[in-house]
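Undergrad: So that we are looking at the same thing, I have put the structure below in structure tokens.
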Amino acid sequence: MATTDVGLHASAGRPAAVPIVNNMSIQVATVNGSGSQSSNTVLLKTIFQMGVPVSGKNLFPSNIAGLPTWYTIRANENGYVGRKKEIDFLVAMNPETARDDVMSLTPGAAVLYDQPLNLSSLRDDLIFYSVPFDKLVAPVCPEAKLRKLVKNMIYVGVVAKLLDLDMTEVDKALRKQFAKKVKAANLNLAAVQAGFDYATASLTKLDPFRIERMNKNHGKIIIDGNAASALGCVFAGCTVLSWYPITPSSSLAENMIEYLKRFRIGPDGKATFAVVQAEDELAAIGMVLGASWAGARAMTTTSGPGISLMAEFAGLAYYAEIPAVVWDIQRVGPSTGLPTRTSQADILSTALLSHGDTQHIMLFPASPHDCFDMAMEAFNLAEKFQTPVFVMSDLDLGMNNWMSDPFPYPEKPIERGKVLTKEDLDRLGGFSRYKDIEGDGIGYRTLPGTQHPAAAYFTRGSGHNAQGNYSERPEDYENNMARLRRKFENARSAVPAPIVEKMPNAEIGIIAFGSTHWALTESRDQLLDEHKLPTDYLRIRAFPFSHEIADFVESHKRVYVVEQNRDGQMFSLLRMNLDGELVPKLRSAARLDGLPLDARSVTADIAAMEEK
Amino acid sequence: MATTPAAPKTNRLGLSVIDYRGGKTTLCAGCGHNAISERIIDALYEMGVQPERVAKLSGIGCSSKSPAYFLSRAHSFNSVHGRMPSVATGAVLANRGLMALGVSGDGDTASIGVGQFVHLMRRNLPIIYIIEDNGVYGLTKGQFSATADLGSKLKTGVVNELPPIDTCELAISLGATFVGRSFSGDKRQLHTMLKAAIAHRGTVLLDVVSPCVTFNDHEGSTKSYKYMKDHEEPLQEIDFIPVFENISVEYDPGTTLEVAMHDGSRLRLRKLEEDYDPTNKVRAITRLNEAKEEGEILTGVLYVNTKAPTFLDMLNITDEPLATLPPSVVRPGREVLDQVMEELR
């Protein structure tokens with residue numbers, strides 16, 4: 001029996017006869033703190049297990065409980081897992097936002113809602129499914145105080161029925177989700193079943209959206225970028241982590257602590273690592289520098305406000321040449337900005353972080369796989385070049401769920417850079433800390449505690465000569481700074497090279513970096529299909545820029561720099577670093593509203609600029 | 001003339017005091033900091049500390065320059081203003097075998113650095129933290145710092161109207177386990193306290209009043225040589241018997257408190273104040289405040305606790321320095337990654 005709503009509006013929807021399979025965006029609107037995360041994860045994992053490419057993005061408020069939150073699951077047979085602008089299937093559980101959520105849908109979308117919200121009268125160009133959640137939850141969950149949480153599991157059952165999800169996969173995903181809590185698993189499974197049964201008995205399928213089993217996810221994993229980064233750091237041999245909690249980077253540290261406790265306790269029961277939750281970001285980076293100076297592989301993780309606080313120490317690390325790995329999980333600034341929204345807006349300030357002439361190595365991961373690999377890369381580069389390395393992740397990459405190929409075991413050795421041991425000193429007799437022996441701008445260092453009378457040197461942020469002695473002599477300052485620039489120049493060929501993807505007959509180039517890669521991949525197909533505009537695409541993976549970037553700009557008529565900030569920060573950094581004659585070819589396609597970048601917006605921006 | 005020169009005096013490592021010296025000081029003649037450097041050299045020499053085992057750490061200011069003037073054979077890190085504690089913490093975590101010796105000033109500690117200072121004191125990290133305290137900024141030519149006493153007068157006539165931060169009181173209440181105050185002019189007391197500090201396991205905070213001869217040694221200053229000579233109130237006569245000196249001397253438990261240090265050394269405090277017990281935290285803080293009311297500057301061992309766990313104990317760090325653990329220890333095996341991948345499927 002169909003509900004009254006569905007009966008009334010049956011004619012409004014597209015005929016269910018033309019199914020749209022494995023291509024939809026499902027949005028669940030709830031209140032934060034209501035436990036909907038488990039329900040959403042079960043939905044995501046179910047679709048994943050059915051072999052359909054999928055991603056899950058949490059749009060949440062900077063609040064503990066009671067404010068609106070949205071979770072968007074995108075399933076796409078072509079593997080487009082960036083954010084899709086339009087929502088196809090809305091699960092409206094939040095009275096606060098339900099009206100706006102419904103009004104913002106495009107015609108033909110489906111809405112599954114909590115009956116008392118009475119949404120069906122709002123529009124006649126959508127398909128509505130009404131579900132009496134409170135009525136359904138009572139019999140499956142006798143304990144009244146748990147009902148608020150279990151209620152959310154009911155929509156999983158309804159969605160499963162309406163989208164034709166495989167219930168054995170739902171069962172599997174749910175049992176995994178509640179792996180250690182059998183009682184909770186059973187309770188939640190009953191709720192899923194209640195939703196499924198209700199939908200079977202009382203709802204008539206009128207929307208076209210369906211999930212069909214595919215085989216695109218074989219061997220793949222689902223992970224968020226912060227967990228992948230944490231894992232990478234553990235396998236990179238990080239020994240000291242100091243951090244200060246800040247959204248959206250905290251989960252990197254927390255995941256890492258978990259992994260370290262599991263995998264890095266020695267046979268003697270003692271830790272082969274030290275983790276300190278510092279009093280602030282200044283102390284966090286200070287501890288990293290102290291630890292790196294003394295020879296540990298040390299790192300911190302933070303976001304924009306933390307980066308600002310670390311500026312002075314970043315300059316010290318650059319000038320005194322101390323390795324450091326800093327993860328910046330970018331959020332929206334300036335100031336507190338939007339702490340739970342994503343951006344790529346720390347690029348320029350990080351590249352030049354600190355007063356005086358400084359430049360820093362930056363890496364730009366685009367996927368959890370990159371996060372894992374670049375952790376290793378970051379530590380090796382930091383120790384090789386004796387300088388801080390900033391890994392520029394972001395909230396979308398760090399905190400959202402991504403599919404990934406499994407991470408291969410790191411084959412690269414752990415490279416500790418130019419460190420002289422006691423034996424080296426026995427042979428050499430002595431050394432000069434900042435002397436450029438090999439012409440690569442990198443001096444040799446010794447670690448405190450090296451048992452040799454000539455091992456010690458003085459580390460200082462004040463002016464120094466090749467021996468590390470205090471110096472205010474103009475030529476010492478100039479020589480030192482010239483060597484630091486030489487060292488940075490050498491990093492160009494050592495950092496991860498960009499990745500270029502080509503299309504036949506492309507005259508237009510696109511440059512992007514980081515998590516916007518996924519929107520770019522989809523947008524290029526849209527530009528080709530809808531605007532007959534083939535494009536080549538270069539994904540920057542590191543700063544300083546390697547020569548491939550200049551070559552790419554040179555070989556294209558126009559190059560769009562797509563990024564998530566207002567001012568076109570990467571565009572500016574490219575203009576600062578490329579030869580003058582290449583600069584006029586660059587066009588900035590920067591935008592930032594706090595949401596993960598979507599392909600539709602990129603396509604519209606580039607198409608509009610192409611028409612001019 | 002065939003005479004053999006007398007062999008230079010050496011310590012238990014066979015090193016002479018020259019092996020503990022540093023570069024030539026660039027501080028003002030008569031600066032209290034230079035006297036402190038001398039005491040550090042003597043204490044390290046007499047205790048037979050391997051110079052290469054020491055990590056010298058400092059922030060910014062006149063005081064923070066002084067690590068250049070002692071122990072050239074040890075690595076040194078002159079970091080940024082007020083942030084030495086974090087750098088020192090990282091260094092000790094990376095290599096627990098290092099003996100961290102932090103030198104800071106009153107501005108570096110109590111003004112710009114008070115945030116890091118208080119958190120360091122909470123952790124009981126093994127470190128000797130010396131404040132060379134003159135109540136004034138020297139390098140910027142004579143402004144008050146946060147340890148300047150109420151009513152203290154600058155050379156320019158400006159009077160300090162804000163209450164001082166008592167770094168020792170803070171350190172005691174927050175968790176430092178060896179807290180003392182001394183005076184750069186009190187050679188014997190400072191020297192003995194430094195030796196005991198070397199034997200201590202945990203955070204040592206020594207606030208050493210160290211007059212600035214250029215900007216804060218005048219009439220009206222409460223951190224001048226004269227003022228200290230007039231107002232210093234030692235709590236004890238301090239003796240220190242290192243573990244390697246197998247001396248047994250009788251003492252009267254009625255008048256002398258013996259503290260057994262972690263390494264087996266003994267600290268003997270002959271009480272000048274009969275009821276002062278430096279193992280009583282509450283009493284120590286109360287007495288500091290009483291002294292403040294009376295315009296006295298208490299010196300000596302204010303508080304000592306040899307039993308508290310250190311930060312390294314709390315973190316359960318392995319015995320080998322983290323800095324030099326081999327890749328086979330710090331990179332888990334293939335099966336671990338395989339297992340994690342399987343869990344994520």
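Just remember, in the structure tokens the first chain shown is A, the second B, etc., residues are 1-based per chain, and ligands are 1-based in the order shown.
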Which polymer residues have any atom within 6 Å of an atom of stretch 118-123 of chain B, counting only C-alpha atoms, with same-chain residues fewer than 3 positions away left out, as an MDAnalysis selection string?

TA: chainID B and resid 115 171 174:176 311

Undergrad: Quick check: residues of chain A within 7 Å of chain B, only C-alpha atoms, returned as an MDAnalysis selection string.

TA: chainID A and resid 220:223 234:237 239 263:264 270:274 279 283 286:291 293:296 406 409 414 448:454 456:461

Undergrad: Would you please work out which residue, of A:Glu581, A:Glu321, A:Asp207, A:Asp394, is nearest to A:Leu252 when using only C-alpha atoms?

TA: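 Closest to A:Leu252 of all the choices is A:Asp394.
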
Undergrad: When DSSP is applied to the backbone of this structure, which of stretch 140-317 of chain B are assigned helix (DSSP H, G or I)? Write them out as a PyMOL selection string.

TA: chain B and resi 167-174+187-199+225-231+281-293+311-315

Undergrad: Residues within 9 Å of B:Pro211, please, as a ChimeraX atom specification. Count only C-alpha atoms; anything in the same chain fewer than 6 positions from it doesn't count.

TA: /B:30-33,132-135,183-185,217,223-225,228

Undergrad: Could those selected residues go to a file with N, CA, C and O atoms, as a short mmCIF file (atom, residue, chain, number, x, y, z; two decimals), in the first residue's frame?

TA:
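The resulting part-v1.cif:
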```cif
data_model
loop_
_atom_site.label_atom_id
_atom_site.label_comp_id
_atom_site.auth_asym_id
_atom_site.auth_seq_id
_atom_site.Cartn_x
_atom_site.Cartn_y
_atom_site.Cartn_z
N GLY B 30 81.47 41.79 34.72
CA GLY B 30 80.75 41.84 35.99
C GLY B 30 79.34 41.30 35.92
O GLY B 30 78.64 41.23 36.93
N CYS B 31 78.89 40.91 34.74
CA CYS B 31 77.55 40.35 34.57
C CYS B 31 77.43 39.07 35.41
O CYS B 31 78.30 38.21 35.37
N GLY B 32 76.34 38.97 36.15
CA GLY B 32 76.12 37.78 36.97
C GLY B 32 76.11 36.50 36.16
O GLY B 32 76.51 35.43 36.64
N HIS B 33 75.68 36.60 34.91
CA HIS B 33 75.59 35.40 34.06
C HIS B 33 76.95 34.73 33.89
O HIS B 33 77.03 33.51 33.79
N GLU B 132 68.55 32.81 34.58
CA GLU B 132 69.50 33.85 34.97
C GLU B 132 68.66 35.12 35.10
O GLU B 132 68.34 35.78 34.12
N ASP B 133 68.31 35.41 36.35
CA ASP B 133 67.21 36.33 36.63
C ASP B 133 67.73 37.70 37.07
O ASP B 133 68.23 37.85 38.18
N ASN B 134 67.60 38.69 36.19
CA ASN B 134 68.02 40.04 36.58
C ASN B 134 66.87 41.03 36.53
O ASN B 134 67.07 42.24 36.73
N GLY B 135 65.68 40.53 36.23
CA GLY B 135 64.50 41.39 36.30
C GLY B 135 64.41 42.45 35.22
O GLY B 135 63.57 43.35 35.28
N PHE B 183 71.89 32.85 44.10
CA PHE B 183 72.37 34.18 43.75
C PHE B 183 73.73 33.98 43.08
O PHE B 183 74.56 33.22 43.57
N SER B 184 73.90 34.65 41.95
CA SER B 184 75.15 34.44 41.18
C SER B 184 76.37 34.79 42.04
O SER B 184 77.47 34.30 41.80
N GLY B 185 76.16 35.64 43.06
CA GLY B 185 77.27 36.03 43.93
C GLY B 185 77.53 35.04 45.05
O GLY B 185 78.51 35.15 45.77
N ASP B 217 71.55 47.54 38.41
CA ASP B 217 72.41 47.32 39.58
C ASP B 217 72.50 48.59 40.43
O ASP B 217 73.44 48.79 41.18
N LYS B 223 67.22 43.75 42.28
CA LYS B 223 68.02 42.65 41.75
C LYS B 223 69.49 43.07 41.63
O LYS B 223 70.22 42.59 40.77
N SER B 224 69.91 43.99 42.47
CA SER B 224 71.30 44.46 42.43
C SER B 224 72.15 43.60 43.37
O SER B 224 71.62 42.90 44.24
N TYR B 225 73.45 43.69 43.19
CA TYR B 225 74.36 42.97 44.09
C TYR B 225 74.12 43.40 45.53
O TYR B 225 74.03 42.57 46.44
N MET B 228 70.77 42.14 46.98
CA MET B 228 70.83 40.70 47.27
C MET B 228 71.65 40.43 48.53
O MET B 228 71.29 39.60 49.35
#
```

Undergrad: Residues at most 12 Å from B:Ala29, counting only C-alpha atoms, excluding those fewer than 6 positions away in the same chain, as a ChimeraX atom specification?

TA: /B:35,211-214

Undergrad: If we count only C-alpha atoms, what is near stretch 497-499 of chain A at a cut-off of 8 Å, once residues fewer than 5 positions away on the same chain are taken out, given as a ChimeraX atom specification?

TA: /A:538-542,546,548-549

Undergrad: Print the selection's residues with N, CA and C atoms to a file, as a tab-separated table (two decimals), in the first residue's frame.

TA:
```tsv
chain	number	residue	atom	x	y	z
A	538	LEU	N	47.75	18.83	-15.82
A	538	LEU	CA	48.96	18.61	-15.02
A	538	LEU	C	48.60	18.75	-13.53
A	539	ARG	N	48.91	17.72	-12.79
A	539	ARG	CA	48.64	17.77	-11.35
A	539	ARG	C	49.95	18.01	-10.62
A	540	ILE	N	50.04	19.20	-9.98
A	540	ILE	CA	51.23	19.55	-9.21
A	540	ILE	C	51.26	18.69	-7.96
A	541	ARG	N	52.41	18.12	-7.67
A	541	ARG	CA	52.53	17.31	-6.45
A	541	ARG	C	53.50	17.90	-5.44
A	542	ALA	N	54.22	18.95	-5.87
A	542	ALA	CA	55.19	19.51	-4.92
A	542	ALA	C	55.61	20.92	-5.30
A	546	SER	N	58.99	21.62	-10.33
A	546	SER	CA	59.99	21.02	-11.21
A	546	SER	C	59.76	21.49	-12.65
A	548	GLU	N	58.98	20.25	-15.39
A	548	GLU	CA	57.84	19.77	-16.18
A	548	GLU	C	56.70	20.79	-16.20
A	549	ILE	N	56.62	21.58	-15.14
A	549	ILE	CA	55.51	22.53	-15.05
A	549	ILE	C	55.68	23.64	-16.08
```

Undergrad: Just list the residues in stretch 467-565 of chain A DSSP gives strand (DSSP E) on the backbone, as a compact mmCIF listing (two decimals) with all heavy atoms, in the first residue's frame.

TA:
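Output contents, as saved in states03.txt:
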```txt
# COMPACT_ATOMS: atom_id res chain seq x y z
N ILE A 499 52.12 15.00 -12.40
CA ILE A 499 51.58 13.92 -13.25
C ILE A 499 50.76 14.58 -14.35
O ILE A 499 49.92 15.44 -14.08
CB ILE A 499 50.72 12.97 -12.40
CG1 ILE A 499 51.64 12.20 -11.45
CG2 ILE A 499 49.94 12.01 -13.31
CD1 ILE A 499 50.92 11.28 -10.50
N VAL A 500 51.05 14.21 -15.58
CA VAL A 500 50.36 14.82 -16.73
C VAL A 500 49.44 13.78 -17.36
O VAL A 500 49.84 12.65 -17.60
CB VAL A 500 51.38 15.35 -17.76
CG1 VAL A 500 50.65 15.92 -18.98
CG2 VAL A 500 52.28 16.41 -17.12
N GLU A 501 48.19 14.19 -17.58
CA GLU A 501 47.24 13.34 -18.32
C GLU A 501 46.83 14.09 -19.58
O GLU A 501 46.47 15.26 -19.50
CB GLU A 501 46.00 13.04 -17.46
CG GLU A 501 46.31 12.16 -16.26
CD GLU A 501 45.10 12.00 -15.34
OE1 GLU A 501 43.95 12.11 -15.83
OE2 GLU A 501 45.31 11.79 -14.13
N ILE A 508 44.45 23.33 -24.77
CA ILE A 508 44.22 23.97 -23.46
C ILE A 508 44.78 23.08 -22.37
O ILE A 508 44.63 21.86 -22.42
CB ILE A 508 42.70 24.13 -23.23
CG1 ILE A 508 42.06 24.89 -24.38
CG2 ILE A 508 42.41 24.79 -21.87
CD1 ILE A 508 42.66 26.25 -24.62
N GLY A 509 45.43 23.72 -21.41
CA GLY A 509 45.94 22.96 -20.28
C GLY A 509 45.20 23.33 -19.00
O GLY A 509 44.68 24.43 -18.87
N ILE A 510 45.17 22.39 -18.09
CA ILE A 510 44.63 22.67 -16.76
C ILE A 510 45.69 22.26 -15.74
O ILE A 510 46.27 21.18 -15.84
CB ILE A 510 43.33 21.88 -16.49
CG1 ILE A 510 42.23 22.30 -17.47
CG2 ILE A 510 42.86 22.08 -15.05
CD1 ILE A 510 40.95 21.50 -17.34
N ILE A 511 45.93 23.13 -14.78
CA ILE A 511 46.81 22.78 -13.66
C ILE A 511 45.97 22.75 -12.39
O ILE A 511 45.17 23.67 -12.15
CB ILE A 511 47.96 23.81 -13.52
CG1 ILE A 511 48.98 23.62 -14.65
CG2 ILE A 511 48.65 23.66 -12.16
CD1 ILE A 511 50.15 24.59 -14.61
N ALA A 512 46.10 21.70 -11.64
CA ALA A 512 45.42 21.61 -10.34
C ALA A 512 46.31 20.82 -9.40
O ALA A 512 47.40 20.37 -9.79
CB ALA A 512 44.05 20.97 -10.48
N PHE A 513 45.85 20.65 -8.18
CA PHE A 513 46.65 19.94 -7.18
C PHE A 513 45.74 19.51 -6.04
O PHE A 513 44.66 20.08 -5.85
CB PHE A 513 47.76 20.86 -6.65
CG PHE A 513 47.23 22.13 -6.03
CD1 PHE A 513 47.03 22.22 -4.66
CD2 PHE A 513 46.90 23.22 -6.83
CE1 PHE A 513 46.51 23.38 -4.09
CE2 PHE A 513 46.37 24.39 -6.25
CZ PHE A 513 46.19 24.47 -4.89
N THR A 535 41.29 18.69 -23.16
CA THR A 535 42.26 19.38 -22.29
C THR A 535 43.37 18.43 -21.86
O THR A 535 43.14 17.24 -21.72
CB THR A 535 41.58 19.90 -21.00
OG1 THR A 535 40.96 18.79 -20.35
CG2 THR A 535 40.55 20.97 -21.30
N ASP A 536 44.54 18.99 -21.66
CA ASP A 536 45.60 18.26 -20.98
C ASP A 536 45.59 18.74 -19.53
O ASP A 536 45.17 19.86 -19.24
CB ASP A 536 46.96 18.54 -21.62
CG ASP A 536 47.07 17.91 -23.01
OD1 ASP A 536 46.27 16.98 -23.28
OD2 ASP A 536 47.92 18.35 -23.80
N TYR A 537 46.07 17.88 -18.69
CA TYR A 537 45.94 18.17 -17.25
C TYR A 537 47.26 17.86 -16.56
O TYR A 537 47.81 16.77 -16.70
CB TYR A 537 44.79 17.31 -16.71
CG TYR A 537 44.69 17.20 -15.19
CD1 TYR A 537 44.89 18.29 -14.34
CD2 TYR A 537 44.32 15.98 -14.61
CE1 TYR A 537 44.75 18.16 -12.96
CE2 TYR A 537 44.18 15.84 -13.23
CZ TYR A 537 44.41 16.93 -12.42
OH TYR A 537 44.28 16.80 -11.06
N LEU A 538 47.75 18.83 -15.82
CA LEU A 538 48.96 18.61 -15.02
C LEU A 538 48.60 18.75 -13.53
O LEU A 538 48.03 19.77 -13.13
CB LEU A 538 50.06 19.61 -15.40
CG LEU A 538 51.35 19.49 -14.56
CD1 LEU A 538 52.59 19.69 -15.44
CD2 LEU A 538 51.39 20.47 -13.39
N ARG A 539 48.91 17.72 -12.79
CA ARG A 539 48.64 17.77 -11.35
C ARG A 539 49.95 18.01 -10.62
O ARG A 539 50.87 17.19 -10.65
CB ARG A 539 48.01 16.46 -10.89
CG ARG A 539 47.77 16.43 -9.38
CD ARG A 539 46.73 15.41 -9.01
NE ARG A 539 47.22 14.03 -9.09
CZ ARG A 539 47.88 13.41 -8.12
NH1 ARG A 539 48.19 14.05 -7.00
NH2 ARG A 539 48.24 12.15 -8.26
N ILE A 540 50.04 19.20 -9.98
CA ILE A 540 51.23 19.55 -9.21
C ILE A 540 51.26 18.69 -7.96
O ILE A 540 50.25 18.54 -7.27
CB ILE A 540 51.19 21.05 -8.82
CG1 ILE A 540 51.31 21.92 -10.07
CG2 ILE A 540 52.31 21.38 -7.83
CD1 ILE A 540 51.21 23.41 -9.79
N ALA A 542 54.22 18.95 -5.87
CA ALA A 542 55.19 19.51 -4.92
C ALA A 542 55.61 20.92 -5.30
O ALA A 542 55.52 21.34 -6.46
CB ALA A 542 56.42 18.62 -4.84
N PHE A 543 56.04 21.65 -4.30
CA PHE A 543 56.74 22.92 -4.48
C PHE A 543 58.09 22.75 -3.79
O PHE A 543 58.12 22.19 -2.69
CB PHE A 543 55.92 24.05 -3.83
CG PHE A 543 56.59 25.39 -3.90
CD1 PHE A 543 56.65 26.09 -5.08
CD2 PHE A 543 57.19 25.94 -2.76
CE1 PHE A 543 57.28 27.34 -5.14
CE2 PHE A 543 57.82 27.17 -2.82
CZ PHE A 543 57.86 27.88 -4.01
N ARG A 558 46.64 28.14 -23.57
CA ARG A 558 46.20 28.75 -22.31
C ARG A 558 46.22 27.66 -21.26
O ARG A 558 45.96 26.50 -21.56
CB ARG A 558 44.77 29.28 -22.42
CG ARG A 558 44.58 30.52 -23.24
CD ARG A 558 43.11 30.91 -23.33
NE ARG A 558 42.32 29.96 -24.09
CZ ARG A 558 42.33 29.84 -25.42
NH1 ARG A 558 43.11 30.64 -26.14
NH2 ARG A 558 41.58 28.96 -26.03
N VAL A 559 46.50 28.07 -20.03
CA VAL A 559 46.51 27.09 -18.94
C VAL A 559 45.67 27.63 -17.77
O VAL A 559 45.94 28.71 -17.25
CB VAL A 559 47.95 26.79 -18.46
CG1 VAL A 559 47.92 25.87 -17.24
CG2 VAL A 559 48.76 26.16 -19.58
N TYR A 560 44.64 26.88 -17.44
CA TYR A 560 43.78 27.26 -16.30
C TYR A 560 44.33 26.66 -15.02
O TYR A 560 44.62 25.46 -14.98
CB TYR A 560 42.34 26.79 -16.54
CG TYR A 560 41.70 27.53 -17.67
CD1 TYR A 560 41.67 26.98 -18.97
CD2 TYR A 560 41.16 28.79 -17.47
CE1 TYR A 560 41.11 27.68 -20.02
CE2 TYR A 560 40.60 29.50 -18.53
CZ TYR A 560 40.58 28.94 -19.80
OH TYR A 560 40.04 29.65 -20.83
N VAL A 561 44.48 27.49 -14.01
CA VAL A 561 44.94 27.01 -12.70
C VAL A 561 43.71 26.93 -11.80
O VAL A 561 43.14 27.94 -11.41
CB VAL A 561 46.00 27.94 -12.10
CG1 VAL A 561 46.52 27.35 -10.79
CG2 VAL A 561 47.14 28.15 -13.09
N VAL A 562 43.29 25.69 -11.55
CA VAL A 562 42.06 25.48 -10.78
C VAL A 562 42.43 25.23 -9.32
O VAL A 562 43.29 24.39 -9.02
CB VAL A 562 41.28 24.27 -11.34
CG1 VAL A 562 40.01 24.03 -10.51
CG2 VAL A 562 40.93 24.49 -12.81
N GLU A 563 41.81 25.94 -8.42
CA GLU A 563 42.14 25.76 -7.00
C GLU A 563 41.03 26.28 -6.11
O GLU A 563 40.16 27.02 -6.54
CB GLU A 563 43.46 26.48 -6.67
CG GLU A 563 43.46 27.96 -7.04
CD GLU A 563 44.86 28.57 -6.91
OE1 GLU A 563 45.48 28.35 -5.87
OE2 GLU A 563 45.30 29.25 -7.87
```

Undergrad: Could you pull the residues within 10 Å of stretch 360-362 of chain A, counting only C-alpha atoms, minus those fewer than 5 positions along the same chain, as a PyMOL selection string?

TA: chain A and resi 314-315+317-318+325-328+347+350-354+378+381-382+385+387-392+488+491-492+495+541-545

Undergrad: Stretch 214-234 of chain B near stretch 298-309 of chain B within 7 Å: what's each residue's closest atom pair and its distance in Å to one decimal, counting only C-alpha atoms, ordered by chain then ascending residue number, as CSV?

TA:
```
residue,atom,partner,partner_atom,distance
B:Glu232,CA,B:Leu298,CA,6.1
B:Glu233,CA,B:Leu298,CA,4.7
B:Pro234,CA,B:Thr299,CA,4.6
```

Undergrad: Generate the output file for the selected residues, all heavy atoms, as a tab-separated table (two decimals), in the first residue's frame.

TA:
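Once written, result.tsv looks like this:
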```
chain	number	residue	atom	x	y	z
B	232	GLU	N	69.28	38.53	51.03
B	232	GLU	CA	69.29	37.08	50.81
B	232	GLU	C	69.13	36.36	52.14
B	232	GLU	O	69.75	36.71	53.14
B	232	GLU	CB	70.60	36.63	50.14
B	232	GLU	CG	70.56	35.15	49.77
B	232	GLU	CD	71.90	34.61	49.31
B	232	GLU	OE1	72.87	35.37	49.25
B	232	GLU	OE2	71.96	33.40	49.02
B	233	GLU	N	68.28	35.37	52.17
B	233	GLU	CA	67.98	34.63	53.39
B	233	GLU	C	68.13	33.13	53.09
B	233	GLU	O	67.17	32.47	52.69
B	233	GLU	CB	66.52	34.96	53.77
B	233	GLU	CG	66.14	34.68	55.20
B	233	GLU	CD	66.95	35.48	56.20
B	233	GLU	OE1	67.15	36.68	55.98
B	233	GLU	OE2	67.40	34.87	57.19
B	234	PRO	N	69.36	32.59	53.26
B	234	PRO	CA	69.54	31.17	52.92
B	234	PRO	C	68.76	30.28	53.88
B	234	PRO	O	68.74	30.53	55.08
B	234	PRO	CB	71.05	30.94	53.07
B	234	PRO	CG	71.66	32.28	53.22
B	234	PRO	CD	70.61	33.20	53.75
```

Undergrad: Could you check which of B:Asn11, B:Thr109, B:Ser104, B:Thr25 is closest to B:Tyr69, using only C-alpha atoms?

TA: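 Comparing B:Asn11, B:Thr109, B:Ser104, B:Thr25 against B:Tyr69, the winner is B:Thr25.
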
Undergrad: Tell me, as a list in words, which residues lie within 12 Å of A:Val140, counting only C-alpha atoms; anything in the same chain fewer than 5 positions away does not count.

TA: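 Listed by chain and then number, they are Phe133, Asp134, Lys135, Leu146, Arg147, Val150, Lys151, Met153, Ile154, Ala184, Asn186, Leu187, Asn188, Leu189, Ala190, Ala191, Val192, Gln193, Ala194 and Gly195 of chain A.
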